[in-house]
Structure formats: C-alpha cells, structure tokens
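Heads up, the thing below is written out as structure tokens.
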Amino acid sequence: MSAASLPMYDLPEIRPAQAALWAGLARHIAREGVADVPAALACDQPIAALWSRPDLLLSQCCGYDLVHAFAGALRPLATPCYGVPGCAGPSYSSIVVVAEDSQARSLDDLRGGVCAINSRHSHSGMNALRALIAPLSRGGRFFRAVRVSGAHSASIGMVGRGEADVAAIDCVVHALLARHRPAALERTRPLARTPSAVAPPFVTPARAGDDRARRLRAALVRAFDDPALAAAREDLLLAGIAIVPISAYVR
C-alpha cells in the first residue's frame with residue numbers, strides 16, 4: 001500500500017476535515033485507475049521523511065522545498081487556491097506579526113530584534129521575510145538573533161510571550177488559527193505582509209510516470225468539484241485548484 005500525506009496545514013483542529021477530504025480524494029484517485037490508494041493519511045511524521053518515502057503517492061510540499069531541497073525529487077500536480085486574506089488564486093503570502101504592544105510601526109523598527117522562524121527551509125516563515133528584510137540590512141545583518149520554533153503556531157507563541165519580536169506567518173495558517181484556535185493569536189498583531197508567491201502544491205514523486213501524474217491531477221480536479229466534499233473544503237479554507245507549472249515556483 002502506498003502512502004499519502006497533507007502535512008502543510010496539519011493542525012489538530014482540522015484533521016477531521018483533512019480525513020474527509022482525503023477519503024473523497026482517494027475515491028477519485030481509485031476511479032482514475034490508480035491502485036493501492038491508502039485509506040488514511042500518514043500523520044505525525046517529519047515532513048522530509050514523508051516526502052522521501054519510496055511508497056509516496058501524493059502529498060503537499062512547500063514551494064521553496066520543491067525547487068531547493070527536493071528539486072528533481074517531487075513534481076507538482078496542481079496548486080490549491082485558498083479563500084483567505086493574503087491569497088489570490090493560486091498565490092499566497094505571509095503576515096508579519098509582532099506583539100500587540102510592540103512599538104514597531106515599520107519593518108525598520110525591528111532592527112536589532114529577535115526573529116522567530118518556523119524552519120530554515122520554509123518559504124512562508126523564513127524566505128519571504130528574508131526577502132523583505134534584506135534591503136534593510138547593514139553589512140549583511142539586521143536581526144540580533146534568529147530562533148527556529150519548529151512551527152508557525154510556535155512562532156506566534158514566541159512573539160506573544162515576548163520571546164521574539166517578529167515572525168512571518170503563512171496567511172493560511174493565520175486564518176486557520178483565527179477560525180479554530182483564536183486564542184493563539186492573542187497578544188499579537190499584523191505589521192506587514194510579504195509579497196505573494198505560488199501556494200504549496202500537491203505533489204507526487206518525480207519518478208512517477210506521466211500517466212500516473214495525469215491520473216492524480218484529474219482526481220484532484222474532480223475532488224475540488226465534488227459537492228460531497230464541499231464541507232471539508234470549506235473547513236480547510238479551500239476555494240479552488242489551479243494547474244501551475246513548476247517554473248512559477250522558481251521566483
């Protein structure tokens with residue numbers, strides 16, 4: 001049996017919706033003639049391990065990893081469109097958050113502060129913020145320290161507790177927390193927004209043949225049109241799906 005995962009926005013509060021979406025998507029994949037479709041998603045595993053599994057069928061990958069650490073290992077199938085502020089079609093952005101009582105009114109006011117990032121390999125939590133800060137740096141430096149939190153929600157917690165001065169939060173994560181865990185956003189406020197980029201795509205191993213990729217892509221499109229999955233898509237803030245070439249992720 002192959003493996004599937006949807007790890008990019010895997011908050012505990014939305015796992016029932018994730019499971020419902022996968023159940024429907026799995027049916028559509030099977031109807032496309034793909035064999036050995038897993039009945040349930042693989043959860044609670046390191047993302048790199050999930051994306052490296054030899055039995056991986058389908059997952060969702062950060063665009064930064066798609067063209068860096070996993071370049072040539074994963075191929076994009078389709079890109080979800082999220083119906084939240086900061087998203088437009090298949091693009092998304094990050095919300096730069098500071099403490100609610102922070103004196104910062106602009107990015108330059110954060111000079112010499114402490115930055116929290118979820119991962120050094122994250123576009124939304126690291127790369128997008130780095131792009132904003134780089135023009136403000138002096139001698140290649142801007143922050144006093146950068147601390148890795150391990151997750152967007154953990155970065156928000158660090159800012160709210162005063163352990164960090166700023167963090168960039170994927171706007172989809174921010175919206176999911178606002179809906180399902182609003183207390184997590186207390187004591188923080190938005191300061192700025194990063195430029196948009198193409199959202200994390202659904203992927204399959206690059207070694208999968210063109211026919212397998214075509215069948216998976218067709219199943220994804222059908223799942224996003226399936227009325228029976230409307231409630232799950234709404235819970236996950238999914239508004240649609242787009243076919244985006246890998247070249248769009250290079251920027």
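Scheme for the structure tokens: letters A, B, ... for chains in order shown; per-chain residue numbers from 1; ligand numbers from 1 in order shown.
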
(request) Compile the contact shell of Pro12 in chain A as JSON, numbers by chain: residues with an atom at most 12 Å away, counting only C-alpha atoms, same-chain residues fewer than 5 positions apart removed. (result) {"A": [7, 17, 18, 19, 43, 44, 153, 176, 177, 180, 181]}

Out of range 128-171 of chain A, which residues get helix (DSSP H, G or I) from DSSP, as a compact mmCIF listing (two decimals) with N, CA, C and O atoms, in the first residue's frame?
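Written out: selection08.txt:
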# COMPACT_ATOMS: atom_id res chain seq x y z
N ALA A 128 10.35 34.36 2.67
CA ALA A 128 9.59 35.57 2.32
C ALA A 128 9.97 36.74 3.22
O ALA A 128 10.07 37.88 2.77
N LEU A 129 10.18 36.46 4.52
CA LEU A 129 10.59 37.52 5.44
C LEU A 129 12.01 37.96 5.14
O LEU A 129 12.33 39.16 5.18
N ARG A 130 12.89 37.04 4.82
CA ARG A 130 14.27 37.39 4.47
C ARG A 130 14.30 38.34 3.28
O ARG A 130 15.08 39.30 3.24
N ALA A 131 13.40 38.10 2.30
CA ALA A 131 13.35 38.97 1.13
C ALA A 131 12.93 40.40 1.50
O ALA A 131 13.40 41.36 0.91
N LEU A 132 12.04 40.52 2.50
CA LEU A 132 11.63 41.84 2.95
C LEU A 132 12.74 42.56 3.71
O LEU A 132 12.93 43.76 3.57
N ILE A 133 13.48 41.80 4.50
CA ILE A 133 14.47 42.39 5.40
C ILE A 133 15.79 42.67 4.70
O ILE A 133 16.50 43.63 5.06
N ALA A 134 16.15 41.89 3.70
CA ALA A 134 17.47 42.01 3.08
C ALA A 134 17.81 43.44 2.64
O ALA A 134 18.94 43.90 2.87
N PRO A 135 16.89 44.17 2.02
CA PRO A 135 17.25 45.54 1.61
C PRO A 135 17.51 46.47 2.78
O PRO A 135 18.13 47.54 2.60
N LEU A 136 17.07 46.10 3.98
CA LEU A 136 17.26 46.94 5.15
C LEU A 136 18.53 46.59 5.94
O LEU A 136 18.88 47.28 6.89
N HIS A 152 4.67 27.35 12.63
CA HIS A 152 4.12 28.70 12.61
C HIS A 152 3.42 29.03 13.92
O HIS A 152 3.57 30.14 14.46
N SER A 153 2.63 28.10 14.43
CA SER A 153 1.91 28.36 15.68
C SER A 153 2.88 28.59 16.83
O SER A 153 2.62 29.42 17.71
N ALA A 154 4.01 27.89 16.81
CA ALA A 154 5.02 28.09 17.85
C ALA A 154 5.68 29.46 17.70
O ALA A 154 6.01 30.11 18.70
N SER A 155 5.89 29.90 16.46
CA SER A 155 6.47 31.24 16.24
C SER A 155 5.54 32.32 16.78
O SER A 155 5.99 33.28 17.43
N ILE A 156 4.24 32.17 16.53
CA ILE A 156 3.27 33.13 17.06
C ILE A 156 3.33 33.15 18.58
O ILE A 156 3.30 34.21 19.21
N GLY A 157 3.43 31.96 19.18
CA GLY A 157 3.52 31.89 20.64
C GLY A 157 4.74 32.60 21.17
O GLY A 157 4.66 33.30 22.20
N MET A 158 5.88 32.47 20.49
CA MET A 158 7.09 33.15 20.92
C MET A 158 6.92 34.66 20.87
O MET A 158 7.35 35.37 21.78
N VAL A 159 6.27 35.16 19.83
CA VAL A 159 6.04 36.60 19.72
C VAL A 159 5.09 37.07 20.81
O VAL A 159 5.32 38.08 21.48
N GLY A 160 4.02 36.32 21.02
CA GLY A 160 3.04 36.69 22.03
C GLY A 160 3.60 36.70 23.44
O GLY A 160 3.19 37.52 24.28
N CYS A 171 -0.29 33.01 5.62
CA CYS A 171 -1.62 33.60 5.82
C CYS A 171 -2.70 32.55 5.94
O CYS A 171 -3.74 32.79 6.57

(message) as a list in words, please: the residues near Ala223 in chain A (cut-off 7 Å, only C-alpha atoms, same-chain neighbours under 6 positions excluded).
(response) Gly24, Leu25 and His28 of chain A

(message) When you look at Gly72 in chain A with a cut-off of 10 Å (counting only C-alpha atoms), what residues show up, excluding the ones that are within fewer than 3 positions of it in the same chain? I need them as JSON, numbers by chain.
(response) {"A": [66, 67, 68, 69, 75, 205, 206, 207]}

Would you write out those residues with all heavy atoms, as a PDB file, in the first residue's frame?
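Saved to result.pdb:
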ATOM      1  N   LEU A  66      10.309  22.554  -3.038  1.00  0.00           N
ATOM      2  CA  LEU A  66      10.114  21.960  -4.359  1.00  0.00           C
ATOM      3  C   LEU A  66      11.245  22.309  -5.306  1.00  0.00           C
ATOM      4  O   LEU A  66      11.641  21.492  -6.147  1.00  0.00           O
ATOM      5  CB  LEU A  66       8.775  22.431  -4.941  1.00  0.00           C
ATOM      6  CG  LEU A  66       8.402  21.901  -6.320  1.00  0.00           C
ATOM      7  CD1 LEU A  66       8.128  20.401  -6.274  1.00  0.00           C
ATOM      8  CD2 LEU A  66       7.186  22.648  -6.859  1.00  0.00           C
ATOM      9  N   VAL A  67      11.790  23.530  -5.179  1.00  0.00           N
ATOM     10  CA  VAL A  67      12.844  23.960  -6.100  1.00  0.00           C
ATOM     11  C   VAL A  67      14.207  24.051  -5.418  1.00  0.00           C
ATOM     12  O   VAL A  67      15.163  24.549  -6.019  1.00  0.00           O
ATOM     13  CB  VAL A  67      12.482  25.305  -6.762  1.00  0.00           C
ATOM     14  CG1 VAL A  67      11.284  25.139  -7.679  1.00  0.00           C
ATOM     15  CG2 VAL A  67      12.211  26.382  -5.728  1.00  0.00           C
ATOM     16  N   HIS A  68      14.295  23.579  -4.171  1.00  0.00           N
ATOM     17  CA  HIS A  68      15.580  23.572  -3.475  1.00  0.00           C
ATOM     18  C   HIS A  68      15.904  22.169  -2.965  1.00  0.00           C
ATOM     19  O   HIS A  68      16.414  21.354  -3.715  1.00  0.00           O
ATOM     20  CB  HIS A  68      15.589  24.602  -2.337  1.00  0.00           C
ATOM     21  CG  HIS A  68      15.701  26.015  -2.815  1.00  0.00           C
ATOM     22  ND1 HIS A  68      14.611  26.763  -3.225  1.00  0.00           N
ATOM     23  CD2 HIS A  68      16.772  26.821  -2.982  1.00  0.00           C
ATOM     24  CE1 HIS A  68      15.013  27.955  -3.620  1.00  0.00           C
ATOM     25  NE2 HIS A  68      16.310  28.026  -3.492  1.00  0.00           N
ATOM     26  N   ALA A  69      15.588  21.872  -1.723  1.00  0.00           N
ATOM     27  CA  ALA A  69      15.991  20.603  -1.131  1.00  0.00           C
ATOM     28  C   ALA A  69      15.430  19.393  -1.875  1.00  0.00           C
ATOM     29  O   ALA A  69      16.084  18.348  -1.947  1.00  0.00           O
ATOM     30  CB  ALA A  69      15.576  20.556   0.338  1.00  0.00           C
ATOM     31  N   ARG A  75       7.370  16.279  -8.123  1.00  0.00           N
ATOM     32  CA  ARG A  75       6.795  17.019  -9.238  1.00  0.00           C
ATOM     33  C   ARG A  75       5.435  17.563  -8.830  1.00  0.00           C
ATOM     34  O   ARG A  75       4.651  16.867  -8.177  1.00  0.00           O
ATOM     35  CB  ARG A  75       6.674  16.145 -10.491  1.00  0.00           C
ATOM     36  CG  ARG A  75       5.719  14.987 -10.361  1.00  0.00           C
ATOM     37  CD  ARG A  75       5.795  14.040 -11.548  1.00  0.00           C
ATOM     38  NE  ARG A  75       5.300  14.642 -12.773  1.00  0.00           N
ATOM     39  CZ  ARG A  75       5.334  14.012 -13.962  1.00  0.00           C
ATOM     40  NH1 ARG A  75       5.870  12.792 -14.067  1.00  0.00           N
ATOM     41  NH2 ARG A  75       4.856  14.600 -15.037  1.00  0.00           N
ATOM     42  N   PRO A 205       6.016  11.869  -6.337  1.00  0.00           N
ATOM     43  CA  PRO A 205       7.431  11.691  -6.665  1.00  0.00           C
ATOM     44  C   PRO A 205       7.713  11.916  -8.146  1.00  0.00           C
ATOM     45  O   PRO A 205       6.911  11.540  -9.014  1.00  0.00           O
ATOM     46  CB  PRO A 205       7.696  10.232  -6.262  1.00  0.00           C
ATOM     47  CG  PRO A 205       6.731   9.979  -5.150  1.00  0.00           C
ATOM     48  CD  PRO A 205       5.490  10.719  -5.552  1.00  0.00           C
ATOM     49  N   ALA A 206       8.839  12.519  -8.438  1.00  0.00           N
ATOM     50  CA  ALA A 206       9.200  12.817  -9.824  1.00  0.00           C
ATOM     51  C   ALA A 206       9.351  11.545 -10.644  1.00  0.00           C
ATOM     52  O   ALA A 206       9.158  11.557 -11.862  1.00  0.00           O
ATOM     53  CB  ALA A 206      10.497  13.623  -9.859  1.00  0.00           C
ATOM     54  N   ARG A 207       9.670  10.461  -9.955  1.00  0.00           N
ATOM     55  CA  ARG A 207       9.860   9.199 -10.684  1.00  0.00           C
ATOM     56  C   ARG A 207       8.542   8.621 -11.187  1.00  0.00           C
ATOM     57  O   ARG A 207       8.531   7.699 -12.019  1.00  0.00           O
ATOM     58  CB  ARG A 207      10.560   8.175  -9.798  1.00  0.00           C
ATOM     59  CG  ARG A 207       9.771   7.787  -8.563  1.00  0.00           C
ATOM     60  CD  ARG A 207      10.514   6.768  -7.721  1.00  0.00           C
ATOM     61  NE  ARG A 207       9.785   6.465  -6.486  1.00  0.00           N
ATOM     62  CZ  ARG A 207       9.848   7.182  -5.381  1.00  0.00           C
ATOM     63  NH1 ARG A 207      10.650   8.243  -5.341  1.00  0.00           N
ATOM     64  NH2 ARG A 207       9.147   6.848  -4.316  1.00  0.00           N
TER      65      ARG A 207
END

I'd like to know which residues of range 121-172 of chain A are strand (DSSP E or B) (by DSSP, run on the backbone); could you write them as a compact mmCIF listing (two decimals) with C-alpha atoms, in the first residue's frame?
# COMPACT_ATOMS: atom_id res chain seq x y z
CA ARG A 138 23.65 46.67 7.14
CA ARG A 141 22.87 41.83 9.28
CA ALA A 145 19.23 36.68 16.66
CA VAL A 146 17.09 34.23 14.69
CA ARG A 147 15.42 31.38 16.57
CA VAL A 148 13.84 28.32 14.99
CA VAL A 166 8.67 39.27 14.94
CA ALA A 167 7.67 36.28 12.84
CA ALA A 168 6.27 35.73 9.36
CA ILE A 169 3.19 33.53 9.39
CA ASP A 170 1.69 31.78 6.39

(message) Would you pick out the contacts of Ala48 in chain A at 12 Å or less, using only C-alpha atoms, so that residues sharing its chain but fewer than 2 positions from it are not included, and give the list as a ChimeraX atom specification?
(response) /A:5,7-8,44-46,50-53,56,59-62,65-66,69-70,73-74,121

(request) Would you list the contacts of Pro200 in chain A as a list in words, taking every protein, DNA or RNA residue within 10 Å and counting only C-alpha atoms, but skipping same-chain residues closer than 3 positions in sequence? (result) Met8, Gln60, Cys61, Cys62, Gly63, Tyr64, Asp65, Leu66, Pro76, Ala78, Thr79, Pro80, Cys81, Pro90, Ser91, Tyr92, His123, Ser124, Ala197, Val203 and Tyr249 of chain A

Could you name the residues that touch Glu32 in chain A at 7 Å or less, counting only C-alpha atoms, but leaving out those on the same chain fewer than 2 positions away, as a compact mmCIF listing (two decimals) with N, CA and C atoms, in the first residue's frame?
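Output (around-v5.txt):
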# COMPACT_ATOMS: atom_id res chain seq x y z
N HIS A 28 -11.71 9.29 -5.76
CA HIS A 28 -11.50 9.80 -7.12
C HIS A 28 -10.20 9.26 -7.72
N ILE A 29 -9.17 9.11 -6.89
CA ILE A 29 -7.90 8.54 -7.40
C ILE A 29 -8.12 7.11 -7.84
N ALA A 30 -8.85 6.33 -7.04
CA ALA A 30 -9.13 4.94 -7.40
C ALA A 30 -9.94 4.86 -8.69
N VAL A 34 -5.85 4.24 -10.41
CA VAL A 34 -4.62 4.12 -9.63
C VAL A 34 -4.83 3.07 -8.55
N ARG A 215 -3.36 11.02 -13.99
CA ARG A 215 -4.49 10.45 -13.26
C ARG A 215 -4.67 11.13 -11.90
N ALA A 219 -7.87 13.44 -10.64
CA ALA A 219 -8.58 13.13 -9.40
C ALA A 219 -8.67 14.35 -8.50

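Taking CA of Thr194 in chain A as the reference point, CA of Val173 in chain A is found at 14.4 Å.
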
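For the atom pair formed by CA of Ile117 in chain A and CA of Ser247 in chain A, the distance is 25.9 Å, given to one decimal.
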